[in-house]
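Okay, so here's the structure we're looking at.
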There are 4 protein chains.
Amino acid sequence: MINISLMGAGRIGKMHAEIISAHSNVNLKYVYDINKDSALQVAEQNKAKIANSPEEAINTDKIDAILIASATPTHTQFITMGAKAGKAVFCEKPIDLDINKVNECMAAIKDIDIPLQIGFNRRFDNSHAKVQQARLKKEIGELEMLIITSRDPEPPGLEYLNAAGGFFRDTTIHDFDLSRFILGEDPIVQVSAFGDNLFDENAKQAGDFDTAMFVLKSKAGVLIHINNSRRAVYGYDQRVEVFGSKGMVISNNQTPTSIESFTETSTSSKQPVLHFFIERYAQAYKDQFNHFIECINNNNKPKVTFEDGRSALIIANAAYESHKQKKTIEITYE
Amino acid sequence: MINISLMGAGRIGKMHAEIISAHSNVNLKYVYDINKDSALQVAEQNKAKIANSPEEAINTDKIDAILIASATPTHTQFITMGAKAGKAVFCEKPIDLDINKVNECMAAIKDIDIPLQIGFNRRFDNSHAKVQQARLKKEIGELEMLIITSRDPEPPGLEYLNAAGGFFRDTTIHDFDLSRFILGEDPIVQVSAFGDNLFDENAKQAGDFDTAMFVLKSKAGVLIHINNSRRAVYGYDQRVEVFGSKGMVISNNQTPTSIESFTETSTSSKQPVLHFFIERYAQAYKDQFNHFIECINNNNKPKVTFEDGRSALIIANAAYESHKQKKTIEITYE
Amino acid sequence: MINISLMGAGRIGKMHAEIISAHSNVNLKYVYDINKDSALQVAEQNKAKIANSPEEAINTDKIDAILIASATPTHTQFITMGAKAGKAVFCEKPIDLDINKVNECMAAIKDIDIPLQIGFNRRFDNSHAKVQQARLKKEIGELEMLIITSRDPEPPGLEYLNAAGGFFRDTTIHDFDLSRFILGEDPIVQVSAFGDNLFDENAKQAGDFDTAMFVLKSKAGVLIHINNSRRAVYGYDQRVEVFGSKGMVISNNQTPTSIESFTETSTSSKQPVLHFFIERYAQAYKDQFNHFIECINNNNKPKVTFEDGRSALIIANAAYESHKQKKTIEITYE
Amino acid sequence: MINISLMGAGRIGKMHAEIISAHSNVNLKYVYDINKDSALQVAEQNKAKIANSPEEAINTDKIDAILIASATPTHTQFITMGAKAGKAVFCEKPIDLDINKVNECMAAIKDIDIPLQIGFNRRFDNSHAKVQQARLKKEIGELEMLIITSRDPEPPGLEYLNAAGGFFRDTTIHDFDLSRFILGEDPIVQVSAFGDNLFDENAKQAGDFDTAMFVLKSKAGVLIHINNSRRAVYGYDQRVEVFGSKGMVISNNQTPTSIESFTETSTSSKQPVLHFFIERYAQAYKDQFNHFIECINNNNKPKVTFEDGRSALIIANAAYESHKQKKTIEITYE
């Protein structure tokens, strides 16, 4: 039985608490949140205790691992604490919004050998994973183009936007990571970014975008297009398309059931696509956590590394630079 | 240049007149209809002359072929006249509603060698033809089940119903023929029919059904299901499914464009299916006529024969018998 | 915490054991099987004990409910034992293959008020349930036709066939129940059945069919078509179509992911459909059990009753009579 | 009856000859081509005469209109000749590869009032036109993103590439025009282009690209993505997606029939998409020509103007500039 402390009891923390509780070989031991009420509620619902401080949650023999789902600015601190205490660490994306803090954290833990996994959940989605396999096994021949459509169902509030670190670092970072996942050994070396303000007053006020497009290029010359929106009224639009010398594979949207309706006005109409990430990526969130537990049990290195979290942030930062300078930016990762 | 007389200038006659006119090697010479105004209108629109009698239209050196699209009771008379005059004959389905008249006609023309084609247009539909090919080439292995869904968009009026000879002989006859087409050498030997009155007052008044289901069996044991309705509000529903030892092929419905809409209430919604037979089978009607002309030019026997028309009627008659007796009827074709 | 005894530790018993174990408010207490090794294995995997006799499993204060997944001939005995012991009872379909035994069981338990649920899992499938809702809420207007396609991926062995009670009572019984579920208050009053032997030598040897078609009629005149096969090489084909005065809703097949492939030979090709009932109806099996537990907790009558199990068997029996007599059989349920 | 001279008897000229011949109110009078054999062949097949010089084809009272399908460098010369002779002019895209020649031609004909139409056929495709209507009628609310996927089935030869004027001016020009068509009054003001050499040695030798991506922006802020390839092994990939505040509409690919196959390895597999432009845009080519004839008959201005041809070329030129400078280029149209 693996005992876990959960850091952070907000929306995403609650979801993780349920996944932890449902796992037959894992026990949720402590819940920590600066908001004690939130911690208490999640702890009670999942038969765990609350910790009164990060130290109480992390620096204890009673746990084997920590899952960090707290506010982004606390991530690197908790990663470092967890690593130094010899705990396995799972940390939600992004590691941090500031590359300097990420680099400092990397330096602080570089000699510590623990399972450390970053929460790029989409890598664990069965459909997206099939797309990655299609590239890896060359079912599509040589990869030539990758196209990711990634649109949220509705914009978040102003408070969220002010803390999120900007559209590219908050949202597109998933798509940058998914691109890296599909490209495998072939690194992304260029980015051109196009941010836009078309409908969301909150985004405008927060100095953020609500719509964006990107073109990236890999070292081998693969062209990558990403498009994002904060509002797709038909639901969480998540499509991935790989195109190569021998064909194309698309990971398409998903609907809650397999029903189709035929009326006077339409044919083969399906239900709206799954609403948002908790519904769309339920299987991925679960399997991502299963992978983390397996890595702990078998002392393996998780498939999504600190370096993956850092690289995605570097691309996001370069994307901001591209938007500002209205030109293509070359990316270096050192 | 092949010269043709068109017998019948109603809705289906008009459609044939346009197909004839559009053919670069065919000339519409005469139009005959008991309603002279109708004949005149179709003749004028297609630069043809009207004939004042069937004899004038058929018994003349100026034409090579006749296309019969007149009222059903006139079919056998015109077929016989055309055959005796040595003309190639294309006749709309059904040959007649009365099997005795069909047999008499068969006897009258049995020694005359002319191209004679019955208007089972669906055999020429590219999608249905692919299904037939899938069976013929054993792409689905051995055929085990055949399922035909065939529903009109809206019920006809009482006048039409009173003249049409009943749902099975007017509508299902197409599906009986399509079944025979797909089964090829394997004859249909049993039929069980289930007629129903669910919504159409006119059908009830005409002593006819508005809804029906059938199960047929071939000599080799293939099970066939057909379902019919006089009203599918989403359009002309025309699906054919063949199922066999190695898989399944479906000829699916068709929409006027390839657009798909995504809204708050639906995903991948297409336009309603093509409305009715003139839209859905436009390609088939054209290619059916092309085939007739090719048969004339090359002195070939058309693929859809008098015998095909007769056999479909025999099945329809057996279906009525089955409905009446509430049991399975064995079919004989002699 | 509800404690349960599992009767039967075969393939379907194992599946139920896992569902029981995964439920957070239920405890698998005992496992009974005439094959002690099977019982032991399932008990160990799910931290339960084995019972050495049905009595030990059922007549004990330590349990609240029994789940019957044993061989069909034991069902009525265990139902009766469970009911007399005051336990909630969940019983896999069919109740029994012999209507007399079913009637005796019904008489034996008629005055005992316990939650008793029959395992018609498909009623709990989210997609099929949406189809039922579409009829109930008249989204398709008045129901006129219902079409069920239900094909297994591969035929079972001879041993299974010899015990299963025949294709109609073993397999189609699910489709008869699903028809009853969708029809709601409108009873099925006629059946015509067409069994066939097309490919499976084992079926022939067992005196059973491998292929079948049915047409049923409800009191209100709704026509129902069912088709079955023991072998669909592309996977477990499970489609339900309701057609009515205002449109059509189809519960379509499901694939393991949402990927689509495009190659030189095909477009939009999806993965094969989910292989068999354990994969296709995973959600339904789970929700069926959740419903049973909720009924125990809230002292409600389960949605799938003993009467439902009995009625489906009566239809299956009438179907055999129809096949034998080659005619439509009127169904009475008393 | 409108009489037409066809300038150019190559592949696309032949196609136009057939469309002209099939039109019931149009007569193909002359065919001109520098290759007399080609001219002769097309003339014979379509019952026309050959012209020995452009002057003979254009400066004659016997014709009302010219259709220019000759080599690109001759376009402006023939447009000018046709306009000065008072003929209606239909000219294949592009007007010319050199913007100076286009501007000179514009100046030369600016005071002549004749129907002049440029061959951007895709505007006449029924599916793409529905997408444009969805934007115009605000079925998708306010347009926010437009995504065009446009890939040829196979790369052309070196000779074609050397004459074609480059990927952006030869191929993407269609997508630039389609973008302008869908945007309507909202002009494209920025372009960022990313050319790539991934597989085609001929392209490399010709100094051309085989793969490309683009991001454009309209004055109102709409973001537009285009991606192109010279080789999609599954056929001519032509998709258009408009995304807005109230939903999304996609003009999807088309297959030759509506059949779907189900095998051990795949589900719902369709035939490969229509091979190339002649198949995919057959309806569009025909309706584009019908529009031209209607404009002549009704003395209307064609919907696709000289200015449209010029603007698309200006965008293509800016795209080359963007690729060279690796930055976003602002577009001006004067």
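Labels used: A, B, ... for chains in the order of the structure tokens, numbers from 1 for residues in each chain, and numbers from 1 for ligands as shown.
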
message: Neighbouring residues of B:Lys324 were defined as those with any atom within 12 Å, considering only C-alpha atoms; residues of the same chain fewer than 2 positions away were excluded. Please report them as a list in words.
response: Ser192, Ala193, Phe194, Gly195, Asp196, Asn317, Ala318, Ala319, Tyr320, Glu321, Ser322, Lys326, Lys327, Thr328 and Ile329 of chain B; Lys327 and Thr328 of chain C

Tell me, counting only C-alpha atoms, for each residue of chain B within 10 Å of chain C, which pair of atoms is nearest and how far apart they are in Å to one decimal, in rows ordered by chain and increasing number, as JSON lines.
```
{"residue": "B:Ile140", "atom": "CA", "partner": "C:Val233", "partner_atom": "CA", "distance": 9.8}
{"residue": "B:Glu142", "atom": "CA", "partner": "C:Leu198", "partner_atom": "CA", "distance": 9.3}
{"residue": "B:Leu143", "atom": "CA", "partner": "C:Leu198", "partner_atom": "CA", "distance": 9.4}
{"residue": "B:Glu144", "atom": "CA", "partner": "C:Leu198", "partner_atom": "CA", "distance": 7.0}
{"residue": "B:Met145", "atom": "CA", "partner": "C:Thr211", "partner_atom": "CA", "distance": 8.4}
{"residue": "B:Ile147", "atom": "CA", "partner": "C:Asn227", "partner_atom": "CA", "distance": 9.3}
{"residue": "B:Ser192", "atom": "CA", "partner": "C:Lys327", "partner_atom": "CA", "distance": 8.5}
{"residue": "B:Ala193", "atom": "CA", "partner": "C:Val215", "partner_atom": "CA", "distance": 9.2}
{"residue": "B:Phe194", "atom": "CA", "partner": "C:Val215", "partner_atom": "CA", "distance": 8.1}
{"residue": "B:Gly195", "atom": "CA", "partner": "C:Leu223", "partner_atom": "CA", "distance": 9.0}
{"residue": "B:Asp196", "atom": "CA", "partner": "C:Gly221", "partner_atom": "CA", "distance": 6.9}
{"residue": "B:Asn197", "atom": "CA", "partner": "C:Gly221", "partner_atom": "CA", "distance": 7.7}
{"residue": "B:Leu198", "atom": "CA", "partner": "C:Gly221", "partner_atom": "CA", "distance": 7.0}
{"residue": "B:Phe199", "atom": "CA", "partner": "C:Ser245", "partner_atom": "CA", "distance": 8.2}
{"residue": "B:Thr211", "atom": "CA", "partner": "C:Glu144", "partner_atom": "CA", "distance": 7.9}
{"residue": "B:Ala212", "atom": "CA", "partner": "C:Leu223", "partner_atom": "CA", "distance": 7.7}
{"residue": "B:Met213", "atom": "CA", "partner": "C:Leu223", "partner_atom": "CA", "distance": 7.1}
{"residue": "B:Phe214", "atom": "CA", "partner": "C:Val215", "partner_atom": "CA", "distance": 7.8}
{"residue": "B:Val215", "atom": "CA", "partner": "C:Met213", "partner_atom": "CA", "distance": 7.4}
{"residue": "B:Leu216", "atom": "CA", "partner": "C:Phe194", "partner_atom": "CA", "distance": 9.2}
{"residue": "B:Lys217", "atom": "CA", "partner": "C:Phe194", "partner_atom": "CA", "distance": 8.9}
{"residue": "B:Ala220", "atom": "CA", "partner": "C:Leu198", "partner_atom": "CA", "distance": 8.7}
{"residue": "B:Gly221", "atom": "CA", "partner": "C:Asp196", "partner_atom": "CA", "distance": 6.9}
{"residue": "B:Val222", "atom": "CA", "partner": "C:Leu198", "partner_atom": "CA", "distance": 8.0}
{"residue": "B:Leu223", "atom": "CA", "partner": "C:Met213", "partner_atom": "CA", "distance": 7.1}
{"residue": "B:Ile224", "atom": "CA", "partner": "C:Met213", "partner_atom": "CA", "distance": 8.3}
{"residue": "B:His225", "atom": "CA", "partner": "C:Met213", "partner_atom": "CA", "distance": 7.7}
{"residue": "B:Ile226", "atom": "CA", "partner": "C:His225", "partner_atom": "CA", "distance": 9.3}
{"residue": "B:Asn227", "atom": "CA", "partner": "C:His225", "partner_atom": "CA", "distance": 8.5}
{"residue": "B:Asn228", "atom": "CA", "partner": "C:Met145", "partner_atom": "CA", "distance": 9.4}
{"residue": "B:Ser229", "atom": "CA", "partner": "C:Glu144", "partner_atom": "CA", "distance": 8.9}
{"residue": "B:Arg231", "atom": "CA", "partner": "C:Ser245", "partner_atom": "CA", "distance": 7.5}
{"residue": "B:Ala232", "atom": "CA", "partner": "C:Gly247", "partner_atom": "CA", "distance": 6.6}
{"residue": "B:Val233", "atom": "CA", "partner": "C:Gly247", "partner_atom": "CA", "distance": 5.8}
{"residue": "B:Tyr234", "atom": "CA", "partner": "C:Gly247", "partner_atom": "CA", "distance": 6.2}
{"residue": "B:Gly235", "atom": "CA", "partner": "C:Gly247", "partner_atom": "CA", "distance": 9.5}
{"residue": "B:Phe243", "atom": "CA", "partner": "C:Ala232", "partner_atom": "CA", "distance": 8.2}
{"residue": "B:Gly244", "atom": "CA", "partner": "C:Ala232", "partner_atom": "CA", "distance": 7.9}
{"residue": "B:Ser245", "atom": "CA", "partner": "C:Val233", "partner_atom": "CA", "distance": 7.1}
{"residue": "B:Lys246", "atom": "CA", "partner": "C:Val233", "partner_atom": "CA", "distance": 6.0}
{"residue": "B:Gly247", "atom": "CA", "partner": "C:Val233", "partner_atom": "CA", "distance": 5.8}
{"residue": "B:Met248", "atom": "CA", "partner": "C:Tyr234", "partner_atom": "CA", "distance": 8.0}
{"residue": "B:Ser322", "atom": "CA", "partner": "C:Lys327", "partner_atom": "CA", "distance": 9.0}
{"residue": "B:His323", "atom": "CA", "partner": "C:Thr328", "partner_atom": "CA", "distance": 9.7}
{"residue": "B:Gln325", "atom": "CA", "partner": "C:Lys327", "partner_atom": "CA", "distance": 8.5}
{"residue": "B:Lys326", "atom": "CA", "partner": "C:Thr328", "partner_atom": "CA", "distance": 5.6}
{"residue": "B:Lys327", "atom": "CA", "partner": "C:Lys327", "partner_atom": "CA", "distance": 3.9}
{"residue": "B:Thr328", "atom": "CA", "partner": "C:Lys326", "partner_atom": "CA", "distance": 5.6}
{"residue": "B:Ile329", "atom": "CA", "partner": "C:Lys326", "partner_atom": "CA", "distance": 8.7}
```

- request: Report as a ChimeraX atom specification: the residues of stretch 78-227 of chain C with a DSSP assignment of strand (DSSP E or B), based on the backbone of this structure.
  value: /C:88-91,116-118,143-151,188-196,211-218,223-227

Selection file, C-alpha atoms, as a CSV table (one decimal), in the first residue's frame:
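New file part-v5.csv:
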```csv
chain,number,residue,atom,x,y,z
C,88,ALA,CA,-31.8,-9.0,-1.8
C,89,VAL,CA,-31.3,-11.0,-4.9
C,90,PHE,CA,-29.6,-10.2,-8.2
C,91,CYS,CA,-29.9,-13.0,-10.8
C,116,LEU,CA,-35.0,-8.8,-6.8
C,117,GLN,CA,-33.3,-7.8,-10.0
C,118,ILE,CA,-32.7,-9.8,-13.3
C,143,LEU,CA,-42.7,5.0,-32.3
C,144,GLU,CA,-43.4,3.1,-35.5
C,145,MET,CA,-40.5,0.7,-36.0
C,146,LEU,CA,-37.7,-0.7,-33.8
C,147,ILE,CA,-34.7,-2.5,-35.3
C,148,ILE,CA,-32.2,-4.3,-33.2
C,149,THR,CA,-29.0,-5.7,-34.7
C,150,SER,CA,-27.2,-8.0,-32.2
C,151,ARG,CA,-24.3,-10.2,-33.3
C,188,ILE,CA,-45.4,-7.4,-27.6
C,189,VAL,CA,-48.2,-9.5,-28.9
C,190,GLN,CA,-46.9,-11.4,-31.9
C,191,VAL,CA,-43.7,-13.0,-33.0
C,192,SER,CA,-42.4,-14.6,-36.2
C,193,ALA,CA,-39.0,-16.3,-36.0
C,194,PHE,CA,-36.6,-17.5,-38.7
C,195,GLY,CA,-33.7,-19.6,-37.5
C,196,ASP,CA,-30.9,-20.6,-39.8
C,211,THR,CA,-28.2,-17.0,-37.6
C,212,ALA,CA,-31.7,-15.7,-37.0
C,213,MET,CA,-34.2,-13.0,-37.9
C,214,PHE,CA,-37.4,-12.0,-36.1
C,215,VAL,CA,-40.4,-9.7,-36.7
C,216,LEU,CA,-42.5,-8.8,-33.7
C,217,LYS,CA,-45.5,-6.6,-33.3
C,218,SER,CA,-46.7,-4.7,-30.3
C,223,LEU,CA,-43.2,-3.4,-35.9
C,224,ILE,CA,-39.9,-4.8,-34.4
C,225,HIS,CA,-37.1,-6.4,-36.3
C,226,ILE,CA,-34.3,-8.3,-34.6
C,227,ASN,CA,-31.4,-10.0,-36.4
```

- prompt: With only C-alpha atoms as the basis for distance, which of B:Pro73, B:Pro272, B:Lys130, B:Asp200 is at the shortest distance from B:Asp98?
  reply: B:Pro73

field: Separation of atom CA of B:Ile19 from atom CA of B:Tyr32 in Å
entry: 16.6 Å

- prompt: Contacts of stretch 294-310 of chain D at 10 Å or less, counting only C-alpha atoms, minus same-chain residues fewer than 4 places along, as a PyMOL selection string?
  reply: chain D and resi 1-2+64-65+87-99+102-103+105-106+113-121+123-124+173-174+176-177+180-181+288-290+314-316+333

message: If DSSP is run on the backbone, what residues of stretch 129-317 of chain D are helix (DSSP H, G or I)? A reply as a ChimeraX atom specification would be ideal.
response: /D:129-136,158-164,167-183,201-205,277-280,282-298,306-317

task: Within 12 Å of A:Ser70, counting only C-alpha atoms, which residues show up once you throw out same-chain ones fewer than 5 positions away? Write them as an MDAnalysis selection string, please.
output: chainID A and resid 5:14 16 31:35 38:39 54 75:79 90:96

Export of the given selection (N, CA and C atoms) as an mmCIF file, in the first residue's frame:
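Final file, again_29.cif:
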```cif
data_model
loop_
_atom_site.group_PDB
_atom_site.id
_atom_site.type_symbol
_atom_site.label_atom_id
_atom_site.label_comp_id
_atom_site.auth_asym_id
_atom_site.auth_seq_id
_atom_site.Cartn_x
_atom_site.Cartn_y
_atom_site.Cartn_z
ATOM 1 N N SER A 5 0.373 12.037 0.193
ATOM 2 C CA SER A 5 -0.127 13.344 0.623
ATOM 3 C C SER A 5 -0.532 14.148 -0.601
ATOM 4 N N LEU A 6 -1.710 14.736 -0.502
ATOM 5 C CA LEU A 6 -2.185 15.584 -1.597
ATOM 6 C C LEU A 6 -1.961 17.041 -1.224
ATOM 7 N N MET A 7 -1.222 17.759 -2.051
ATOM 8 C CA MET A 7 -0.988 19.180 -1.821
ATOM 9 C C MET A 7 -1.946 19.963 -2.706
ATOM 10 N N GLY A 8 -2.917 20.632 -2.101
ATOM 11 C CA GLY A 8 -3.874 21.404 -2.892
ATOM 12 C C GLY A 8 -5.210 20.708 -2.981
ATOM 13 N N ALA A 9 -6.279 21.397 -2.560
ATOM 14 C CA ALA A 9 -7.597 20.779 -2.517
ATOM 15 C C ALA A 9 -8.619 21.599 -3.295
ATOM 16 N N GLY A 10 -8.167 22.236 -4.402
ATOM 17 C CA GLY A 10 -9.082 22.972 -5.284
ATOM 18 C C GLY A 10 -9.755 22.012 -6.251
ATOM 19 N N ARG A 11 -10.239 22.545 -7.382
ATOM 20 C CA ARG A 11 -10.975 21.723 -8.334
ATOM 21 C C ARG A 11 -10.165 20.518 -8.804
ATOM 22 N N ILE A 12 -8.926 20.772 -9.223
ATOM 23 C CA ILE A 12 -8.118 19.685 -9.771
ATOM 24 C C ILE A 12 -7.635 18.766 -8.637
ATOM 25 N N GLY A 13 -7.432 19.353 -7.447
ATOM 26 C CA GLY A 13 -7.036 18.543 -6.284
ATOM 27 C C GLY A 13 -8.129 17.554 -5.913
ATOM 28 N N LYS A 14 -9.358 18.024 -5.913
ATOM 29 C CA LYS A 14 -10.497 17.140 -5.612
ATOM 30 C C LYS A 14 -10.546 15.964 -6.570
ATOM 31 N N HIS A 16 -8.079 14.661 -8.247
ATOM 32 C CA HIS A 16 -6.978 13.735 -7.934
ATOM 33 C C HIS A 16 -7.289 12.925 -6.672
ATOM 34 N N VAL A 31 -4.147 15.570 3.401
ATOM 35 C CA VAL A 31 -4.500 16.614 2.443
ATOM 36 C C VAL A 31 -4.039 17.936 3.026
ATOM 37 N N TYR A 32 -3.296 18.691 2.226
ATOM 38 C CA TYR A 32 -2.882 20.023 2.669
ATOM 39 C C TYR A 32 -3.412 21.077 1.709
ATOM 40 N N ASP A 33 -3.921 22.169 2.258
ATOM 41 C CA ASP A 33 -4.283 23.327 1.433
ATOM 42 C C ASP A 33 -4.187 24.566 2.324
ATOM 43 N N ILE A 34 -3.760 25.679 1.758
ATOM 44 C CA ILE A 34 -3.700 26.897 2.593
ATOM 45 C C ILE A 34 -5.101 27.253 3.081
ATOM 46 N N ASN A 35 -6.089 26.888 2.284
ATOM 47 C CA ASN A 35 -7.467 27.042 2.736
ATOM 48 C C ASN A 35 -7.852 25.766 3.500
ATOM 49 N N SER A 38 -11.141 23.858 2.624
ATOM 50 C CA SER A 38 -11.046 23.019 1.434
ATOM 51 C C SER A 38 -10.349 21.707 1.765
ATOM 52 N N ALA A 39 -9.242 21.802 2.478
ATOM 53 C CA ALA A 39 -8.486 20.610 2.852
ATOM 54 C C ALA A 39 -9.376 19.650 3.646
ATOM 55 N N PRO A 54 2.813 22.295 4.988
ATOM 56 C CA PRO A 54 3.449 21.458 3.966
ATOM 57 C C PRO A 54 4.420 20.464 4.615
ATOM 58 N N HIS A 75 4.596 25.109 -6.651
ATOM 59 C CA HIS A 75 5.031 23.823 -7.225
ATOM 60 C C HIS A 75 6.495 23.503 -6.956
ATOM 61 N N THR A 76 7.385 24.447 -7.319
ATOM 62 C CA THR A 76 8.829 24.119 -7.221
ATOM 63 C C THR A 76 9.235 23.904 -5.768
ATOM 64 N N GLN A 77 8.635 24.679 -4.867
ATOM 65 C CA GLN A 77 8.931 24.500 -3.430
ATOM 66 C C GLN A 77 8.544 23.087 -2.971
ATOM 67 N N PHE A 78 7.366 22.645 -3.335
ATOM 68 C CA PHE A 78 6.890 21.322 -2.885
ATOM 69 C C PHE A 78 7.668 20.194 -3.582
ATOM 70 N N ILE A 79 7.992 20.404 -4.873
ATOM 71 C CA ILE A 79 8.823 19.397 -5.560
ATOM 72 C C ILE A 79 10.129 19.220 -4.800
ATOM 73 N N PHE A 90 4.530 13.607 -7.822
ATOM 74 C CA PHE A 90 3.736 13.874 -9.008
ATOM 75 C C PHE A 90 3.336 15.339 -8.946
ATOM 76 N N CYS A 91 3.646 16.120 -9.987
ATOM 77 C CA CYS A 91 3.315 17.551 -9.962
ATOM 78 C C CYS A 91 2.491 17.944 -11.184
ATOM 79 N N GLU A 92 1.364 18.619 -10.921
ATOM 80 C CA GLU A 92 0.537 19.145 -12.003
ATOM 81 C C GLU A 92 1.345 20.114 -12.859
ATOM 82 N N LYS A 93 0.973 20.257 -14.101
ATOM 83 C CA LYS A 93 1.590 21.258 -14.977
ATOM 84 C C LYS A 93 1.044 22.626 -14.633
ATOM 85 N N PRO A 94 1.713 23.752 -14.879
ATOM 86 C CA PRO A 94 3.132 23.813 -15.238
ATOM 87 C C PRO A 94 4.005 23.702 -13.991
ATOM 88 N N ILE A 95 5.282 23.379 -14.179
ATOM 89 C CA ILE A 95 6.195 23.342 -13.029
ATOM 90 C C ILE A 95 6.198 24.714 -12.357
ATOM 91 N N ASP A 96 6.400 25.732 -13.184
ATOM 92 C CA ASP A 96 6.277 27.118 -12.731
ATOM 93 C C ASP A 96 6.120 27.978 -13.977
#
```

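The two atoms in question, atom CA of D:Ala312 and atom CA of D:Arg169, are spaced 8.4 Å apart.
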
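Near C:Ile4, within a cut-off of 7 Å and counting only C-alpha atoms, sit the residues Asn27, Leu28, Lys29, Tyr30, Ile63, Asp64, Ala65 and Ile66 of chain C, with same-chain residues fewer than 3 positions away left out.
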
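In this model, the gap between atom CA of A:Leu136 and atom CA of C:Glu264 comes to 19.4 Å.
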